[in-house]
There are 2 protein chains.
Amino acid sequence: MTDKKEKILSAALELFANDGFNATSTSKIAQKAGVSEGLIFRHFDNKKGLLNAIMGEAESRLMELFTPMMQEENPKKIIEMYIEMPFSVDESQRSFWKLQFMLKWQEEYYNPDKLKPFLDKIAIAFKELGFKKPELEAKHLEQVIESLSISILREGKEGKEAFKEFLLEKYNV
Amino acid sequence: MTDKKEKILSAALELFANDGFNATSTSKIAQKAGVSEGLIFRHFDNKKGLLNAIMGEAESRLMELFTPMMQEENPKKIIEMYIEMPFSVDESQRSFWKLQFMLKWQEEYYNPDKLKPFLDKIAIAFKELGFKKPELEAKHLEQVIESLSISILREGKEGKEAFKEFLLEKYNV
DNA sequence: TATATTTGTAAGTGATTACTCACTATTTGG
DNA sequence: CCAAATAGTGAGTAATCACTTACAAATATA
């Protein structure tokens, strides 16, 4: 991967996440990346291909986030790590996850199967803790964490700690 | 409001909700509405003004949705009505609410204050039911209902009933 | 009925779009 | 060290964009 190709990718990521895919022109991307517009099309088939290249990183970044939780055995610790996950996302990856959530509305990029193994892990944890309906309990917590993640991506972490403590207390972890 | 103006509004709503604001051209709107493109600009200042006209209906539609819940006094019934709300949205209003959620990512159209009175009503209900932290409990349920609403708007109501029953049982309403 | 206002159309406008092409600079492999 | 491949540029391209203008049809008001 050449230096300028990386510059194109990161410029595109920021602009897509801030302004949206369609509102971002290839000329703006080239300008922000400090390259000629033509170079974008030497490295990527078209504008959509540039987006696909960015979105293609989703799986590895998901793994990065979830690996610690997947390796944990203690069910209470698993729930705790999941609740703290939205707060553990690095500032430098904010644009990436924002774009991820924005594009969920386009069915092309909406793939709930990717999260399935993590949801299963949480369901097992709930089962071990004696919850009556562990799968629904996992789905329930997933929805809370998703909403919380979105609001953190939109407004920042400030003032959300109280809610995190509330959740940890509610699940007694 | 003339007939063709209404046609423009509903054509724009559907296209904005399906393809996004920037991906929808005024010529496509005119084509779908069966009018000349120029008529759009006689009735609205510009394309953004057309979107604003659609978004301007948000308050009255929110009232429509929440009024029954706001008039209820029984706290258990209040929680129940809130949980059932995502399932009570008419099919004909799906595009409208989808657009509402999509545009939450654009700060211009993100206004959490509008939901404040409804959140307060739920917090009061939780307080009456003896919950320790009624405000956080209300925020918690709000996040679940928001995630649930989004998934229903994206995938439909099918297969979500079990989760609704799970929630009603969890809150004993 | 006469006139003024509103509703509507069709054919434009310049600007911007995603993308291509001809060309040069740089890097790589035998 | 030379040739082939790759990286990079800048000036194009046709198509599409949001929007305007000149004019006609319909409607309201007097």
# chains A, B, ... in the order shown; residues from 1 in each chain; ligands from 1
$ residues_around --residues "DG10 of chain D" --least-positions-apart "2" --cutoff "12 Å" --atoms "only C-alpha atoms (C1' of nucleotides)" --output "PDB file with all heavy atoms, in the first residue's frame"
ATOM      1  N   VAL A  35      -3.748  14.744  -3.563  1.00  0.00           N
ATOM      2  CA  VAL A  35      -3.333  13.989  -4.761  1.00  0.00           C
ATOM      3  C   VAL A  35      -4.185  14.457  -5.939  1.00  0.00           C
ATOM      4  O   VAL A  35      -5.145  15.192  -5.768  1.00  0.00           O
ATOM      5  CB  VAL A  35      -3.526  12.471  -4.565  1.00  0.00           C
ATOM      6  CG1 VAL A  35      -2.738  11.976  -3.370  1.00  0.00           C
ATOM      7  CG2 VAL A  35      -5.003  12.128  -4.409  1.00  0.00           C
ATOM      8  N   SER A  36      -3.799  14.017  -7.141  1.00  0.00           N
ATOM      9  CA  SER A  36      -4.621  14.336  -8.296  1.00  0.00           C
ATOM     10  C   SER A  36      -5.870  13.446  -8.296  1.00  0.00           C
ATOM     11  O   SER A  36      -5.840  12.321  -7.790  1.00  0.00           O
ATOM     12  CB  SER A  36      -3.836  14.105  -9.574  1.00  0.00           C
ATOM     13  OG  SER A  36      -3.554  12.733  -9.724  1.00  0.00           O
ATOM     14  N   GLU A  37      -6.945  13.978  -8.873  1.00  0.00           N
ATOM     15  CA  GLU A  37      -8.208  13.231  -8.866  1.00  0.00           C
ATOM     16  C   GLU A  37      -8.061  11.903  -9.611  1.00  0.00           C
ATOM     17  O   GLU A  37      -8.653  10.893  -9.234  1.00  0.00           O
ATOM     18  CB  GLU A  37      -9.313  14.090  -9.492  1.00  0.00           C
ATOM     19  CG  GLU A  37     -10.707  13.593  -9.156  1.00  0.00           C
ATOM     20  CD  GLU A  37     -11.786  14.502  -9.740  1.00  0.00           C
ATOM     21  OE1 GLU A  37     -11.435  15.620 -10.182  1.00  0.00           O
ATOM     22  OE2 GLU A  37     -12.958  14.088  -9.756  1.00  0.00           O
ATOM     23  N   GLY A  38      -7.255  11.922 -10.658  1.00  0.00           N
ATOM     24  CA  GLY A  38      -7.089  10.718 -11.460  1.00  0.00           C
ATOM     25  C   GLY A  38      -6.517   9.546 -10.683  1.00  0.00           C
ATOM     26  O   GLY A  38      -6.817   8.384 -10.977  1.00  0.00           O
ATOM     27  N   LEU A  39      -5.713   9.851  -9.683  1.00  0.00           N
ATOM     28  CA  LEU A  39      -5.059   8.776  -8.917  1.00  0.00           C
ATOM     29  C   LEU A  39      -6.076   7.892  -8.191  1.00  0.00           C
ATOM     30  O   LEU A  39      -5.842   6.691  -8.010  1.00  0.00           O
ATOM     31  CB  LEU A  39      -4.070   9.372  -7.918  1.00  0.00           C
ATOM     32  CG  LEU A  39      -3.146   8.360  -7.212  1.00  0.00           C
ATOM     33  CD1 LEU A  39      -2.329   7.565  -8.211  1.00  0.00           C
ATOM     34  CD2 LEU A  39      -2.241   9.049  -6.213  1.00  0.00           C
TER      35      LEU A  39
ATOM     36  P    DT C  20     -13.548   5.223 -16.300  1.00  0.00           P
ATOM     37  OP1  DT C  20     -14.085   4.034 -16.973  1.00  0.00           O
ATOM     38  OP2  DT C  20     -12.593   5.090 -15.171  1.00  0.00           O
ATOM     39  O5'  DT C  20     -12.854   6.154 -17.399  1.00  0.00           O
ATOM     40  C5'  DT C  20     -13.666   6.746 -18.403  1.00  0.00           C
ATOM     41  C4'  DT C  20     -12.778   7.498 -19.398  1.00  0.00           C
ATOM     42  O4'  DT C  20     -12.297   8.725 -18.789  1.00  0.00           O
ATOM     43  C3'  DT C  20     -11.538   6.726 -19.856  1.00  0.00           C
ATOM     44  O3'  DT C  20     -11.399   6.933 -21.262  1.00  0.00           O
ATOM     45  C2'  DT C  20     -10.394   7.383 -19.068  1.00  0.00           C
ATOM     46  C1'  DT C  20     -10.894   8.821 -18.957  1.00  0.00           C
ATOM     47  N1   DT C  20     -10.386   9.595 -17.789  1.00  0.00           N
ATOM     48  C2   DT C  20      -9.763  10.804 -18.010  1.00  0.00           C
ATOM     49  O2   DT C  20      -9.599  11.276 -19.113  1.00  0.00           O
ATOM     50  N3   DT C  20      -9.338  11.454 -16.868  1.00  0.00           N
ATOM     51  C4   DT C  20      -9.475  11.021 -15.564  1.00  0.00           C
ATOM     52  O4   DT C  20      -9.056  11.682 -14.622  1.00  0.00           O
ATOM     53  C5   DT C  20     -10.131   9.742 -15.410  1.00  0.00           C
ATOM     54  C7   DT C  20     -10.321   9.191 -14.036  1.00  0.00           C
ATOM     55  C6   DT C  20     -10.555   9.104 -16.508  1.00  0.00           C
ATOM     56  P    DC C  21     -10.438   5.976 -22.134  1.00  0.00           P
ATOM     57  OP1  DC C  21     -11.222   5.396 -23.235  1.00  0.00           O
ATOM     58  OP2  DC C  21      -9.683   5.097 -21.211  1.00  0.00           O
ATOM     59  O5'  DC C  21      -9.417   7.051 -22.726  1.00  0.00           O
ATOM     60  C5'  DC C  21      -9.793   8.429 -22.774  1.00  0.00           C
ATOM     61  C4'  DC C  21      -8.560   9.294 -23.024  1.00  0.00           C
ATOM     62  O4'  DC C  21      -8.187   9.966 -21.791  1.00  0.00           O
ATOM     63  C3'  DC C  21      -7.322   8.518 -23.474  1.00  0.00           C
ATOM     64  O3'  DC C  21      -6.644   9.274 -24.462  1.00  0.00           O
ATOM     65  C2'  DC C  21      -6.498   8.390 -22.198  1.00  0.00           C
ATOM     66  C1'  DC C  21      -6.835   9.704 -21.491  1.00  0.00           C
ATOM     67  N1   DC C  21      -6.716   9.623 -20.006  1.00  0.00           N
ATOM     68  C2   DC C  21      -6.316  10.762 -19.287  1.00  0.00           C
ATOM     69  O2   DC C  21      -6.074  11.807 -19.900  1.00  0.00           O
ATOM     70  N3   DC C  21      -6.216  10.673 -17.937  1.00  0.00           N
ATOM     71  C4   DC C  21      -6.490   9.524 -17.318  1.00  0.00           C
ATOM     72  N4   DC C  21      -6.378   9.488 -15.983  1.00  0.00           N
ATOM     73  C5   DC C  21      -6.905   8.360 -18.035  1.00  0.00           C
ATOM     74  C6   DC C  21      -7.008   8.453 -19.360  1.00  0.00           C
ATOM     75  P    DA C  22      -5.635   8.473 -25.521  1.00  0.00           P
ATOM     76  OP1  DA C  22      -6.292   8.473 -26.853  1.00  0.00           O
ATOM     77  OP2  DA C  22      -5.206   7.202 -24.921  1.00  0.00           O
ATOM     78  O5'  DA C  22      -4.390   9.461 -25.567  1.00  0.00           O
ATOM     79  C5'  DA C  22      -4.617  10.869 -25.484  1.00  0.00           C
ATOM     80  C4'  DA C  22      -3.429  11.542 -24.827  1.00  0.00           C
ATOM     81  O4'  DA C  22      -3.534  11.401 -23.373  1.00  0.00           O
ATOM     82  C3'  DA C  22      -2.065  10.961 -25.205  1.00  0.00           C
ATOM     83  O3'  DA C  22      -1.158  12.036 -25.455  1.00  0.00           O
ATOM     84  C2'  DA C  22      -1.659  10.127 -23.995  1.00  0.00           C
ATOM     85  C1'  DA C  22      -2.306  10.924 -22.865  1.00  0.00           C
ATOM     86  N9   DA C  22      -2.608  10.144 -21.664  1.00  0.00           N
ATOM     87  C8   DA C  22      -3.040   8.856 -21.588  1.00  0.00           C
ATOM     88  N7   DA C  22      -3.232   8.421 -20.358  1.00  0.00           N
ATOM     89  C5   DA C  22      -2.906   9.511 -19.574  1.00  0.00           C
ATOM     90  C6   DA C  22      -2.896   9.703 -18.177  1.00  0.00           C
ATOM     91  N6   DA C  22      -3.245   8.752 -17.300  1.00  0.00           N
ATOM     92  N1   DA C  22      -2.521  10.910 -17.723  1.00  0.00           N
ATOM     93  C2   DA C  22      -2.162  11.853 -18.606  1.00  0.00           C
ATOM     94  N3   DA C  22      -2.132  11.797 -19.933  1.00  0.00           N
ATOM     95  C4   DA C  22      -2.520  10.586 -20.358  1.00  0.00           C
ATOM     96  P    DC C  23       0.362  11.714 -26.057  1.00  0.00           P
ATOM     97  OP1  DC C  23       0.703  12.816 -26.984  1.00  0.00           O
ATOM     98  OP2  DC C  23       0.443  10.313 -26.497  1.00  0.00           O
ATOM     99  O5'  DC C  23       1.242  11.895 -24.745  1.00  0.00           O
ATOM    100  C5'  DC C  23       1.145  13.101 -23.994  1.00  0.00           C
ATOM    101  C4'  DC C  23       1.651  12.894 -22.594  1.00  0.00           C
ATOM    102  O4'  DC C  23       0.822  11.952 -21.883  1.00  0.00           O
ATOM    103  C3'  DC C  23       3.063  12.298 -22.474  1.00  0.00           C
ATOM    104  O3'  DC C  23       4.000  13.339 -22.296  1.00  0.00           O
ATOM    105  C2'  DC C  23       2.980  11.415 -21.227  1.00  0.00           C
ATOM    106  C1'  DC C  23       1.557  11.579 -20.745  1.00  0.00           C
ATOM    107  N1   DC C  23       1.003  10.330 -20.160  1.00  0.00           N
ATOM    108  C2   DC C  23       0.857  10.250 -18.789  1.00  0.00           C
ATOM    109  O2   DC C  23       1.173  11.218 -18.097  1.00  0.00           O
ATOM    110  N3   DC C  23       0.370   9.100 -18.245  1.00  0.00           N
ATOM    111  C4   DC C  23       0.037   8.072 -19.035  1.00  0.00           C
ATOM    112  N4   DC C  23      -0.437   6.969 -18.457  1.00  0.00           N
ATOM    113  C5   DC C  23       0.181   8.133 -20.449  1.00  0.00           C
ATOM    114  C6   DC C  23       0.667   9.263 -20.970  1.00  0.00           C
ATOM    115  P    DT C  24       5.615  12.980 -22.228  1.00  0.00           P
ATOM    116  OP1  DT C  24       6.325  14.113 -22.851  1.00  0.00           O
ATOM    117  OP2  DT C  24       5.832  11.579 -22.707  1.00  0.00           O
ATOM    118  O5'  DT C  24       5.908  12.982 -20.649  1.00  0.00           O
ATOM    119  C5'  DT C  24       5.496  14.084 -19.854  1.00  0.00           C
ATOM    120  C4'  DT C  24       5.737  13.763 -18.382  1.00  0.00           C
ATOM    121  O4'  DT C  24       4.871  12.665 -17.988  1.00  0.00           O
ATOM    122  C3'  DT C  24       7.162  13.317 -18.061  1.00  0.00           C
ATOM    123  O3'  DT C  24       7.612  14.028 -16.911  1.00  0.00           O
ATOM    124  C2'  DT C  24       7.029  11.828 -17.793  1.00  0.00           C
ATOM    125  C1'  DT C  24       5.618  11.746 -17.223  1.00  0.00           C
ATOM    126  N1   DT C  24       4.977  10.428 -17.355  1.00  0.00           N
ATOM    127  C2   DT C  24       4.554   9.776 -16.219  1.00  0.00           C
ATOM    128  O2   DT C  24       4.698  10.226 -15.094  1.00  0.00           O
ATOM    129  N3   DT C  24       3.949   8.556 -16.433  1.00  0.00           N
ATOM    130  C4   DT C  24       3.729   7.946 -17.651  1.00  0.00           C
ATOM    131  O4   DT C  24       3.184   6.856 -17.716  1.00  0.00           O
ATOM    132  C5   DT C  24       4.186   8.675 -18.801  1.00  0.00           C
ATOM    133  C7   DT C  24       4.003   8.110 -20.180  1.00  0.00           C
ATOM    134  C6   DT C  24       4.781   9.872 -18.604  1.00  0.00           C
TER     135       DT C  24
ATOM    136  P    DG D   8       1.696   7.050  -5.788  1.00  0.00           P
ATOM    137  OP1  DG D   8       2.470   7.682  -4.695  1.00  0.00           O
ATOM    138  OP2  DG D   8       0.419   6.379  -5.510  1.00  0.00           O
ATOM    139  O5'  DG D   8       1.470   8.139  -6.921  1.00  0.00           O
ATOM    140  C5'  DG D   8       2.532   9.042  -7.242  1.00  0.00           C
ATOM    141  C4'  DG D   8       2.110   9.915  -8.391  1.00  0.00           C
ATOM    142  O4'  DG D   8       1.883   9.093  -9.559  1.00  0.00           O
ATOM    143  C3'  DG D   8       0.800  10.685  -8.202  1.00  0.00           C
ATOM    144  O3'  DG D   8       1.089  12.043  -7.922  1.00  0.00           O
ATOM    145  C2'  DG D   8       0.053  10.515  -9.527  1.00  0.00           C
ATOM    146  C1'  DG D   8       1.093   9.877 -10.417  1.00  0.00           C
ATOM    147  N9   DG D   8       0.508   9.033 -11.459  1.00  0.00           N
ATOM    148  C8   DG D   8      -0.176   7.852 -11.313  1.00  0.00           C
ATOM    149  N7   DG D   8      -0.579   7.337 -12.442  1.00  0.00           N
ATOM    150  C5   DG D   8      -0.145   8.243 -13.397  1.00  0.00           C
ATOM    151  C6   DG D   8      -0.281   8.222 -14.813  1.00  0.00           C
ATOM    152  O6   DG D   8      -0.845   7.380 -15.523  1.00  0.00           O
ATOM    153  N1   DG D   8       0.330   9.328 -15.404  1.00  0.00           N
ATOM    154  C2   DG D   8       0.978  10.335 -14.723  1.00  0.00           C
ATOM    155  N2   DG D   8       1.488  11.314 -15.461  1.00  0.00           N
ATOM    156  N3   DG D   8       1.118  10.359 -13.410  1.00  0.00           N
ATOM    157  C4   DG D   8       0.541   9.290 -12.809  1.00  0.00           C
ATOM    158  P    DG D  12      -7.544  21.022 -21.908  1.00  0.00           P
ATOM    159  OP1  DG D  12      -7.389  20.763 -23.353  1.00  0.00           O
ATOM    160  OP2  DG D  12      -7.535  22.383 -21.381  1.00  0.00           O
ATOM    161  O5'  DG D  12      -8.897  20.328 -21.376  1.00  0.00           O
ATOM    162  C5'  DG D  12      -9.867  19.888 -22.300  1.00  0.00           C
ATOM    163  C4'  DG D  12      -9.845  18.376 -22.406  1.00  0.00           C
ATOM    164  O4'  DG D  12      -9.247  17.845 -21.211  1.00  0.00           O
ATOM    165  C3'  DG D  12     -11.245  17.767 -22.514  1.00  0.00           C
ATOM    166  O3'  DG D  12     -11.478  17.465 -23.876  1.00  0.00           O
ATOM    167  C2'  DG D  12     -11.197  16.517 -21.666  1.00  0.00           C
ATOM    168  C1'  DG D  12      -9.983  16.712 -20.756  1.00  0.00           C
ATOM    169  N9   DG D  12     -10.312  16.891 -19.341  1.00  0.00           N
ATOM    170  C8   DG D  12     -10.090  17.986 -18.552  1.00  0.00           C
ATOM    171  N7   DG D  12     -10.469  17.847 -17.321  1.00  0.00           N
ATOM    172  C5   DG D  12     -10.984  16.547 -17.275  1.00  0.00           C
ATOM    173  C6   DG D  12     -11.537  15.805 -16.198  1.00  0.00           C
ATOM    174  O6   DG D  12     -11.697  16.168 -15.029  1.00  0.00           O
ATOM    175  N1   DG D  12     -11.930  14.538 -16.596  1.00  0.00           N
ATOM    176  C2   DG D  12     -11.801  14.034 -17.864  1.00  0.00           C
ATOM    177  N2   DG D  12     -12.239  12.780 -18.072  1.00  0.00           N
ATOM    178  N3   DG D  12     -11.271  14.707 -18.872  1.00  0.00           N
ATOM    179  C4   DG D  12     -10.887  15.947 -18.510  1.00  0.00           C
TER     180       DG D  12
END
$ residues_around --residues "Trp97 of chain B" --least-positions-apart "6" --cutoff "12 Å" --atoms "only C-alpha atoms (C1' of nucleotides)" --output "VMD selection string"
chain B and resid 13 to 14 16 to 18 54 to 55 57 to 59 61 to 62 65 86 89 to 91 103 to 104 146 149 to 154
$ atom_distance --atom1 "atom CA of Lys28 of chain A" --atom2 "atom CA of Ser10 of chain A"
12.6 Å
$ interface_residues --of "chain D" --to "chain B" --cutoff "10 Å" --atoms "only C-alpha atoms (C1' of nucleotides)" --output "list of chain:residue names"
D:DT16, D:DC17, D:DA18, D:DC19, D:DT20
$ write_last_selection --atoms "N, CA and C atoms (P, O5', C5', C4', C3', O3' and C1' of nucleotides)" --output "short mmCIF file (atom, residue, chain, number, x, y, z; two decimals), in the first residue's frame"
data_model
loop_
_atom_site.label_atom_id
_atom_site.label_comp_id
_atom_site.auth_asym_id
_atom_site.auth_seq_id
_atom_site.Cartn_x
_atom_site.Cartn_y
_atom_site.Cartn_z
P DT D 16 -27.27 11.04 -17.81
"O5'" DT D 16 -27.32 11.94 -16.50
"C5'" DT D 16 -26.37 11.71 -15.45
"C4'" DT D 16 -26.30 12.92 -14.56
"C3'" DT D 16 -27.69 13.45 -14.12
"O3'" DT D 16 -27.78 13.34 -12.71
"C1'" DT D 16 -26.22 15.21 -14.74
P DC D 17 -29.13 13.65 -11.95
"O5'" DC D 17 -28.80 15.03 -11.22
"C5'" DC D 17 -27.64 15.12 -10.39
"C4'" DC D 17 -27.34 16.57 -10.08
"C3'" DC D 17 -28.56 17.41 -9.79
"O3'" DC D 17 -28.86 17.30 -8.42
"C1'" DC D 17 -27.04 18.57 -11.24
P DA D 18 -30.34 17.64 -7.92
"O5'" DA D 18 -30.30 19.20 -7.63
"C5'" DA D 18 -29.25 19.77 -6.86
"C4'" DA D 18 -29.23 21.27 -7.07
"C3'" DA D 18 -30.52 21.99 -6.69
"O3'" DA D 18 -30.18 23.23 -6.07
"C1'" DA D 18 -30.07 22.35 -8.98
P DC D 19 -31.36 24.14 -5.47
"O5'" DC D 19 -31.70 25.09 -6.71
"C5'" DC D 19 -30.64 25.83 -7.31
"C4'" DC D 19 -31.11 26.44 -8.62
"C3'" DC D 19 -32.41 27.26 -8.58
"O3'" DC D 19 -32.08 28.63 -8.72
"C1'" DC D 19 -32.18 26.01 -10.57
P DT D 20 -33.23 29.79 -8.84
"O5'" DT D 20 -33.28 30.05 -10.41
"C5'" DT D 20 -32.08 30.37 -11.10
"C4'" DT D 20 -32.41 30.82 -12.53
"C3'" DT D 20 -33.52 31.87 -12.64
"O3'" DT D 20 -33.08 32.88 -13.52
"C1'" DT D 20 -34.06 30.00 -13.99
#
$ interface_residues --of "chain C" --to "chain A" --cutoff "12 Å" --atoms "only C-alpha atoms (C1' of nucleotides)" --output "PyMOL selection string"
chain C and resi 16-21+27
$ atom_distance --atom1 "atom CA of Glu73 of chain A" --atom2 "atom CA of Lys127 of chain A"
12.9 Å
$ closest_atom_pairs --of "chain B" --to "chain A" --cutoff "6 Å" --atoms "only C-alpha atoms" --output "tab-separated table"
residue	atom	partner	partner_atom	distance
B:Asn22	CA	A:Asn22	CA	5.7
B:Ala23	CA	A:Asn22	CA	5.9
B:Gln143	CA	A:Ser147	CA	5.5
B:Val144	CA	A:Val144	CA	5.4
B:Ser147	CA	A:Gln143	CA	5.5
$ decode --residues "segment 2-11 of chain A" --atoms "all heavy atoms" --output "compact mmCIF listing (two decimals), in the first residue's frame"
# COMPACT_ATOMS: atom_id res chain seq x y z
N THR A 2 0.75 2.05 -1.05
CA THR A 2 1.55 3.28 -1.13
C THR A 2 1.03 4.37 -0.20
O THR A 2 -0.11 4.33 0.25
CB THR A 2 1.60 3.82 -2.59
OG1 THR A 2 1.04 5.11 -2.62
CG2 THR A 2 0.83 2.93 -3.51
N ASP A 3 1.87 5.33 0.04
CA ASP A 3 1.54 6.42 0.95
C ASP A 3 0.31 7.19 0.47
O ASP A 3 -0.60 7.49 1.26
CB ASP A 3 2.75 7.36 1.05
CG ASP A 3 2.57 8.38 2.15
OD1 ASP A 3 2.47 7.96 3.31
OD2 ASP A 3 2.53 9.60 1.84
N LYS A 4 0.28 7.50 -0.81
CA LYS A 4 -0.83 8.31 -1.33
C LYS A 4 -2.15 7.55 -1.36
O LYS A 4 -3.23 8.13 -1.23
CB LYS A 4 -0.48 8.83 -2.73
CG LYS A 4 0.74 9.74 -2.73
CD LYS A 4 0.72 10.74 -3.88
CE LYS A 4 1.83 11.77 -3.69
NZ LYS A 4 1.83 12.82 -4.71
N LYS A 5 -2.05 6.24 -1.54
CA LYS A 5 -3.27 5.43 -1.51
C LYS A 5 -3.89 5.46 -0.11
O LYS A 5 -5.11 5.57 0.03
CB LYS A 5 -2.96 3.99 -1.92
CG LYS A 5 -4.19 3.11 -2.03
CD LYS A 5 -3.88 1.74 -2.62
CE LYS A 5 -5.12 0.87 -2.68
NZ LYS A 5 -4.83 -0.49 -3.16
N GLU A 6 -3.03 5.40 0.90
CA GLU A 6 -3.53 5.50 2.29
C GLU A 6 -4.15 6.86 2.54
O GLU A 6 -5.18 6.97 3.21
CB GLU A 6 -2.38 5.25 3.27
CG GLU A 6 -2.07 3.77 3.49
CD GLU A 6 -1.03 3.56 4.59
OE1 GLU A 6 -1.36 3.86 5.75
OE2 GLU A 6 0.09 3.13 4.26
N LYS A 7 -3.52 7.91 1.99
CA LYS A 7 -4.05 9.27 2.17
C LYS A 7 -5.45 9.37 1.56
O LYS A 7 -6.35 10.00 2.11
CB LYS A 7 -3.11 10.28 1.50
CG LYS A 7 -1.81 10.53 2.29
CD LYS A 7 -1.78 11.97 2.81
CE LYS A 7 -0.65 12.21 3.81
NZ LYS A 7 0.65 12.45 3.16
N ILE A 8 -5.63 8.75 0.40
CA ILE A 8 -6.94 8.76 -0.26
C ILE A 8 -7.97 8.06 0.62
O ILE A 8 -9.07 8.57 0.84
CB ILE A 8 -6.86 8.06 -1.64
CG1 ILE A 8 -6.05 8.92 -2.62
CG2 ILE A 8 -8.26 7.80 -2.20
CD1 ILE A 8 -5.73 8.21 -3.93
N LEU A 9 -7.59 6.89 1.15
CA LEU A 9 -8.52 6.12 1.97
C LEU A 9 -8.96 6.89 3.21
O LEU A 9 -10.15 6.94 3.54
CB LEU A 9 -7.88 4.79 2.36
CG LEU A 9 -7.94 3.69 1.29
CD1 LEU A 9 -7.01 2.54 1.64
CD2 LEU A 9 -9.37 3.17 1.12
N SER A 10 -8.00 7.52 3.89
CA SER A 10 -8.37 8.19 5.14
C SER A 10 -9.12 9.49 4.86
O SER A 10 -10.01 9.87 5.63
CB SER A 10 -7.15 8.42 6.02
OG SER A 10 -6.38 9.49 5.52
N ALA A 11 -8.79 10.17 3.77
CA ALA A 11 -9.54 11.38 3.41
C ALA A 11 -10.98 11.02 3.06
O ALA A 11 -11.93 11.67 3.50
CB ALA A 11 -8.87 12.08 2.23
